[in-house]
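Next comes input-v3.tsv, a file with TSV, C-alpha atoms.
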chain	number	residue	atom	x	y	z
A	1	MET	CA	28.30	81.68	81.11
A	2	LYS	CA	31.50	82.64	82.89
A	3	GLN	CA	31.41	85.66	85.21
A	4	GLY	CA	33.92	87.68	83.20
A	5	LYS	CA	31.95	87.18	79.98
A	6	PHE	CA	28.65	87.92	81.75
A	7	SER	CA	30.14	91.08	83.29
A	8	ARG	CA	31.38	92.30	79.88
A	9	ARG	CA	27.96	91.57	78.34
A	10	LEU	CA	26.19	93.49	81.12
A	11	LYS	CA	28.56	96.44	80.67
A	12	ALA	CA	27.89	96.41	76.91
A	13	ILE	CA	24.12	96.43	77.55
A	14	ILE	CA	24.45	99.31	80.04
A	15	ILE	CA	26.60	101.31	77.60
A	16	GLY	CA	23.98	100.57	74.91
A	17	ILE	CA	21.23	101.89	77.18
A	18	VAL	CA	23.28	105.04	77.86
A	19	VAL	CA	23.83	105.61	74.11
A	20	VAL	CA	20.10	105.11	73.39
A	21	CYS	CA	19.21	107.50	76.24
A	22	ILE	CA	21.60	110.15	74.89
A	23	ILE	CA	20.01	109.86	71.43
A	24	VAL	CA	16.47	109.96	72.86
A	25	TYR	CA	17.07	112.85	75.27
A	26	ALA	CA	19.37	114.94	73.06
A	27	TRP	CA	17.71	114.42	69.71
A	28	VAL	CA	14.42	112.49	69.60
A	29	ILE	CA	12.54	114.31	72.41
A	30	PRO	CA	13.52	117.90	71.42
A	31	ASP	CA	12.79	117.07	67.75
A	32	LEU	CA	9.44	115.48	68.62
A	33	GLY	CA	8.56	118.48	70.80
A	34	LEU	CA	9.49	120.87	68.00
A	35	GLY	CA	7.21	118.94	65.61
A	36	ILE	CA	4.33	119.10	68.10
A	37	ALA	CA	4.93	122.82	68.75
A	38	ARG	CA	4.91	123.55	65.01
A	39	ALA	CA	1.78	121.50	64.42
A	40	ASN	CA	0.02	122.95	67.48
A	41	PRO	CA	1.03	126.61	67.95
A	42	GLU	CA	-1.10	126.80	71.13
A	43	TYR	CA	1.50	124.52	72.77
A	44	ALA	CA	4.55	126.40	71.41
A	45	ALA	CA	5.06	128.20	74.75
A	46	ALA	CA	5.23	124.82	76.49
A	47	TYR	CA	8.17	123.61	74.38
A	48	TRP	CA	11.04	124.61	76.70
A	49	PRO	CA	9.22	123.74	79.96
A	50	TRP	CA	8.54	120.30	78.47
A	51	VAL	CA	12.12	119.82	77.27
A	52	ILE	CA	13.48	120.79	80.72
A	53	PHE	CA	10.90	118.65	82.54
A	54	VAL	CA	11.57	115.56	80.41
A	55	SER	CA	15.36	116.11	80.46
A	56	LEU	CA	15.33	116.02	84.26
A	57	THR	CA	13.93	112.47	84.13
A	58	ALA	CA	17.32	111.46	82.67
A	59	VAL	CA	19.14	112.30	85.92
A	60	PRO	CA	17.91	109.24	87.90
A	61	ILE	CA	18.43	107.07	84.80
A	62	ALA	CA	22.05	108.25	84.52
A	63	ALA	CA	22.63	107.62	88.24
A	64	ALA	CA	21.06	104.14	87.94
A	65	CYS	CA	23.29	103.34	84.93
A	66	VAL	CA	26.42	104.32	86.91
A	67	LEU	CA	25.35	102.06	89.79
A	68	ALA	CA	24.45	99.22	87.41
A	69	TYR	CA	27.88	99.54	85.73
A	70	ARG	CA	29.59	99.27	89.15
A	71	ILE	CA	27.53	96.14	89.92
A	72	ALA	CA	28.53	94.65	86.55
A	73	ASP	CA	32.17	95.47	87.37
A	74	ASP	CA	31.85	93.70	90.75
A	75	ILE	CA	30.31	90.63	89.04
A	76	GLY	CA	33.45	90.44	86.89
A	77	LYS	CA	35.58	90.49	90.06
A	78	ASP	CA	33.47	87.66	91.57
A	79	LYS	CA	32.03	90.03	94.18
A	80	SER	CA	28.38	89.69	93.16
A	81	PHE	CA	26.74	89.05	96.51
A	82	THR	CA	27.86	91.89	98.73
A	83	GLU	CA	26.06	94.35	100.98
A	84	VAL	CA	27.40	97.15	98.76
A	85	ASN	CA	25.67	95.68	95.71
A	86	ALA	CA	22.47	95.11	97.70
A	87	LYS	CA	22.56	98.81	98.66
A	88	ARG	CA	23.22	99.81	95.03
A	89	LEU	CA	20.22	97.77	93.84
A	90	SER	CA	18.10	99.32	96.57
A	91	VAL	CA	19.16	102.82	95.43
A	92	ILE	CA	18.32	101.91	91.79
A	93	SER	CA	14.87	100.77	93.01
A	94	THR	CA	14.36	104.10	94.80
A	95	LEU	CA	15.57	106.06	91.75
A	96	ALA	CA	13.05	104.23	89.53
A	97	ALA	CA	10.23	104.98	91.99
A	98	VAL	CA	11.27	108.65	92.31
A	99	ASP	CA	11.58	109.03	88.52
A	100	GLY	CA	8.13	107.49	87.99
A	101	ALA	CA	6.55	109.69	90.66
A	102	TYR	CA	8.28	112.82	89.30
A	103	PHE	CA	7.10	112.02	85.75
A	104	TRP	CA	3.51	111.47	86.92
A	105	VAL	CA	3.35	114.64	89.04
A	106	GLY	CA	5.08	116.65	86.29
A	107	ASN	CA	2.58	115.48	83.68
A	108	LEU	CA	-0.29	116.36	86.02
A	109	VAL	CA	1.15	119.86	86.57
A	110	MET	CA	1.61	120.31	82.80
A	111	CYS	CA	-2.05	119.36	82.35
A	112	PHE	CA	-3.19	121.90	84.97
A	113	LEU	CA	-1.07	124.59	83.33
A	114	ASN	CA	-2.73	123.79	79.97
A	115	TRP	CA	0.68	122.84	78.56
A	116	SER	CA	-0.41	119.31	77.86
A	117	HIS	CA	-3.26	117.22	76.52
A	118	PRO	CA	-5.22	114.76	78.72
A	119	GLY	CA	-4.28	112.07	76.20
A	120	VAL	CA	-0.60	112.72	76.93
A	121	PHE	CA	-1.30	112.45	80.65
A	122	LEU	CA	-3.02	109.10	80.11
A	123	PHE	CA	-0.14	107.91	77.92
A	124	CYS	CA	2.41	108.88	80.61
A	125	HIS	CA	0.94	106.12	82.81
A	126	PHE	CA	2.67	103.57	80.58
A	127	PHE	CA	6.07	104.99	81.65
A	128	VAL	CA	4.93	105.37	85.27
A	129	PHE	CA	3.92	101.69	85.43
A	130	LEU	CA	7.22	100.75	83.75
A	131	ALA	CA	9.12	102.70	86.43
A	132	ALA	CA	7.01	101.09	89.17
A	133	ALA	CA	7.65	97.60	87.77
A	134	LEU	CA	11.40	98.30	87.59
A	135	SER	CA	11.34	99.65	91.12
A	136	VAL	CA	9.66	96.49	92.43
A	137	ALA	CA	12.01	94.22	90.44
A	138	PHE	CA	15.12	96.02	91.73
A	139	ALA	CA	13.78	96.04	95.30
A	140	ALA	CA	13.32	92.25	95.07
A	141	LEU	CA	16.83	91.89	93.64
A	142	ALA	CA	18.22	94.07	96.45
A	143	HIS	CA	16.50	91.87	99.04
A	144	LEU	CA	17.79	88.66	97.44
A	145	THR	CA	21.32	90.06	97.13
A	146	HIS	CA	21.23	91.14	100.79
A	147	LYS	CA	20.17	87.62	101.83
A	148	ALA	CA	22.75	86.00	99.55
A	149	ALA	CA	25.50	88.29	100.91
A	150	GLY	CA	24.65	87.13	104.43
A	151	MET	CA	24.69	83.48	103.40
A	152	GLU	CA	27.99	83.89	101.54
A	153	GLU	CA	29.59	85.59	104.55
A	154	GLU	CA	28.35	82.79	106.80
A	155	GLN	CA	29.67	80.17	104.40
A	156	GLU	CA	33.05	81.90	104.19
A	157	LEU	CA	33.27	81.99	107.99
A	158	THR	CA	32.34	78.34	108.40
A	159	ILE	CA	35.60	76.53	109.05
B	160	MET	CA	29.05	83.03	123.77
B	161	ILE	CA	31.34	80.23	122.68
B	162	GLN	CA	35.03	80.93	123.23
B	163	ILE	CA	37.64	79.13	121.16
B	164	ASN	CA	40.62	78.02	123.24
B	165	LEU	CA	42.63	76.78	120.32
B	166	ASP	CA	45.65	78.92	121.22
B	167	VAL	CA	45.67	77.41	124.74
B	168	MET	CA	45.66	73.86	123.34
B	169	LEU	CA	48.33	74.75	120.78
B	170	ALA	CA	50.55	76.08	123.59
B	171	ARG	CA	49.94	72.95	125.68
B	172	ARG	CA	50.86	70.69	122.78
B	173	LYS	CA	53.73	73.02	121.77
B	174	MET	CA	52.39	73.09	118.24
B	175	SER	CA	52.41	76.04	115.85
B	176	VAL	CA	49.38	77.26	113.91
B	177	THR	CA	51.18	76.40	110.67
B	178	GLU	CA	51.79	72.82	111.82
B	179	LEU	CA	48.15	72.44	112.88
B	180	SER	CA	46.91	73.79	109.57
B	181	GLU	CA	49.12	71.31	107.72
B	182	ARG	CA	47.97	68.41	109.91
B	183	ILE	CA	44.24	69.12	109.57
B	184	GLY	CA	44.41	70.18	105.91
B	185	ILE	CA	42.89	73.65	106.44
B	186	THR	CA	44.47	76.86	105.23
B	187	LEU	CA	46.45	78.97	107.68
B	188	ALA	CA	44.02	81.85	107.08
B	189	ASN	CA	41.03	79.73	108.09
B	190	VAL	CA	42.81	78.37	111.19
B	191	SER	CA	43.59	81.98	112.16
B	192	ILE	CA	39.89	82.92	111.71
B	193	LEU	CA	38.99	80.02	114.01
B	194	LYS	CA	41.73	80.81	116.55
B	195	ASN	CA	40.78	84.49	116.74
B	196	GLY	CA	37.11	83.66	117.30
B	197	HIS	CA	35.91	85.20	114.04
B	198	ALA	CA	34.35	81.97	112.71
B	199	LYS	CA	30.55	81.83	112.52
B	200	ALA	CA	30.38	78.02	112.48
B	201	VAL	CA	32.67	75.01	112.83
B	202	LYS	CA	32.17	71.85	110.78
B	203	MET	CA	32.10	68.55	112.70
B	204	GLU	CA	34.76	67.37	110.25
B	205	THR	CA	37.06	70.27	111.24
B	206	LEU	CA	36.45	69.71	114.96
B	207	ASN	CA	37.21	66.02	114.50
B	208	ALA	CA	40.47	66.80	112.67
B	209	ILE	CA	41.55	69.35	115.31
B	210	CYS	CA	40.80	66.94	118.18
B	211	ARG	CA	42.75	64.21	116.40
B	212	ALA	CA	45.74	66.49	115.72
B	213	LEU	CA	45.83	67.90	119.27
B	214	SER	CA	44.77	64.68	121.03
B	215	CYS	CA	42.04	66.45	122.95
B	216	GLN	CA	38.27	66.65	123.43
B	217	PRO	CA	35.97	69.25	121.81
B	218	GLY	CA	35.45	70.72	125.29
B	219	ASP	CA	39.15	71.53	125.48
B	220	ILE	CA	38.78	73.78	122.45
B	221	LEU	CA	35.27	75.16	122.86
B	222	GLU	CA	34.12	76.86	126.06
B	223	TYR	CA	30.74	78.41	126.88
B	224	ILE	CA	31.00	81.81	128.58
B	225	PRO	CA	27.72	83.45	129.66
B	226	ASP	CA	26.96	86.79	127.98
B	227	LYS	CA	25.67	89.85	129.83
B	228	GLU	CA	22.21	88.88	128.50
B	229	ASP	CA	22.61	85.36	129.92
B	230	MET	CA	23.62	86.82	133.30
B	231	GLN	CA	20.39	88.84	133.41
Target encoding structure tokens, full file:
Amino acid sequence: MKQGKFSRRLKAIIIGIVVVCIIVYAWVIPDLGLGIARANPEYAAAYWPWVIFVSLTAVPIAAACVLAYRIADDIGKDKSFTEVNAKRLSVISTLAAVDGAYFWVGNLVMCFLNWSHPGVFLFCHFFVFLAAALSVAFAALAHLTHKAAGMEEEQELTI
Amino acid sequence: MIQINLDVMLARRKMSVTELSERIGITLANVSILKNGHAKAVKMETLNAICRALSCQPGDILEYIPDKEDMQ
């Protein structure tokens, strides 16, 4: 696959992720929360704290999408292996780790405040492990990109 | 450190950088990188071509200068 085509495909995937996130955060989560609050009036007071807490998890995702879009743009310009992209991947890795940690701590706090069910806390581990896996994958990619950037620079300066 | 004395040899042979780049088949930009000491490595093939074009030895182009660390 040519770089331009690959770059466009990556951008389309990132835009798709952003659209799905907007739908999930703006419609699915508030609607799901409303359904739970209606079915369980004892949790009705926890509706807005939950919506705010979950909405804040979108901030690192949005930042990661912006960085991923810039990387995709650089791939199209044949500037894949650069220190800038290695740094961007490293930041995405950190964002995934921070988001996972925030989600886990937040769920724990919600449990202690009796605004959640232990089953929900157990279920949140699925997303925490997903964030941890993404963090590790992006950290590995950042390391490889950093190494490749060094090799490319050395190759370019070999006369 | 290794110092590149390409400019000295070019002056001795009264040859321009453009002429050298044409003779050795390397772009002017890459010859400039080499001349200014920004190159990280030199291919044997390039060294051979430069020595042939300038009728000199590798030692005429490359010179070892001790660093501060080497002095210590």
Open item on the list: as a ChimeraX atom specification, please: the residues near segment 40-45 of chain A (cut-off 10 Å, only C-alpha atoms, same-chain neighbours under 5 positions excluded).
Closed with: /A:33-35,50,114-117
Take the residues just selected and output them with C-alpha atoms as a CSV table (one decimal), keeping the file's coordinate frame.
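This is the output file part-v3.csv:
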chain,number,residue,atom,x,y,z
A,33,GLY,CA,8.6,118.5,70.8
A,34,LEU,CA,9.5,120.9,68.0
A,35,GLY,CA,7.2,118.9,65.6
A,50,TRP,CA,8.5,120.3,78.5
A,114,ASN,CA,-2.7,123.8,80.0
A,115,TRP,CA,0.7,122.8,78.6
A,116,SER,CA,-0.4,119.3,77.9
A,117,HIS,CA,-3.3,117.2,76.5
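Using all atoms listed in the file, the smallest distance between any of A:Ser80, A:Gln155, A:Ser135, A:Asn85 and Gly100 of chain A comes from A:Ser135.
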* To do: Check every residue of chain A for an atom within 10 Å of chain B, counting all atoms listed in the file, and provide those that qualify as an MDAnalysis selection string.
  => chainID A and resid 153:159
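One distance worth recording is that between atom CA of Ser175 of chain B and atom CA of Ile161 of chain B, which is 22.5 Å.
With distances restricted to all atoms listed in the file, A:Ala86 is the closest residue to Ala148 of chain A from A:Cys111, A:Val105, A:Ala86, A:Leu95.
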The residue from A:Cys65, A:Ala131, A:Leu89, A:Val51 with the smallest atom-to-atom distance to Asp31 of chain A, counting all atoms listed in the file, is A:Val51
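Here atom CA of Ile23 of chain A is placed at a distance of 17.2 Å from atom CA of Ala63 of chain A.
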Which residues come within 10 Å of Met110 of chain A, counting only C-alpha atoms, excluding same-chain residues fewer than 6 positions away, as an mmCIF file with C-alpha atoms, keeping the file's coordinate frame?
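Final output, saved to around12.cif:
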data_model
loop_
_atom_site.group_PDB
_atom_site.id
_atom_site.type_symbol
_atom_site.label_atom_id
_atom_site.label_comp_id
_atom_site.auth_asym_id
_atom_site.auth_seq_id
_atom_site.Cartn_x
_atom_site.Cartn_y
_atom_site.Cartn_z
ATOM 1 C CA ALA A 46 5.230 124.820 76.490
ATOM 2 C CA PRO A 49 9.220 123.740 79.960
ATOM 3 C CA TRP A 50 8.540 120.300 78.470
ATOM 4 C CA PHE A 53 10.900 118.650 82.540
ATOM 5 C CA TRP A 104 3.510 111.470 86.920
ATOM 6 C CA SER A 116 -0.410 119.310 77.860
ATOM 7 C CA HIS A 117 -3.260 117.220 76.520
ATOM 8 C CA PRO A 118 -5.220 114.760 78.720
ATOM 9 C CA VAL A 120 -0.600 112.720 76.930
ATOM 10 C CA PHE A 121 -1.300 112.450 80.650
#
Enclosing box along x, y and z for every listed atom of segment 202-213 of chain B, padded 4 Å each side, centre and size in Å, one decimal, as AutoDock Vina command-line options:
--center_x 39.0 --center_y 68.0 --center_z 114.8 --size_x 21.7 --size_y 15.6 --size_z 17.0
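Between His125 of chain A and the residues A:Cys21, A:Glu83, A:Ala26, A:Tyr102, the shortest atom-to-atom distance, using all atoms listed in the file, involves A:Tyr102.
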Atom CA of His146 of chain A sits from atom CA of Val98 of chain A at a separation of 21.9 Å
Contacts of Ile183 of chain B at 9 Å (all atoms listed in the file; same-chain gap of 3+ positions) as a ChimeraX atom specification
/B:178-180,186,205,208-209,211-212
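You can rank A:Val24, A:Ile71, A:Lys77, A:His143 by their closest distance to Lys11 of chain A using only C-alpha atoms, and at the top of that list sits A:Ile71.
Across B:Asn207, B:Arg182, B:Gly196, B:Ile224, the tightest approach to Leu165 of chain B is made by B:Gly196 when counting all atoms listed in the file.
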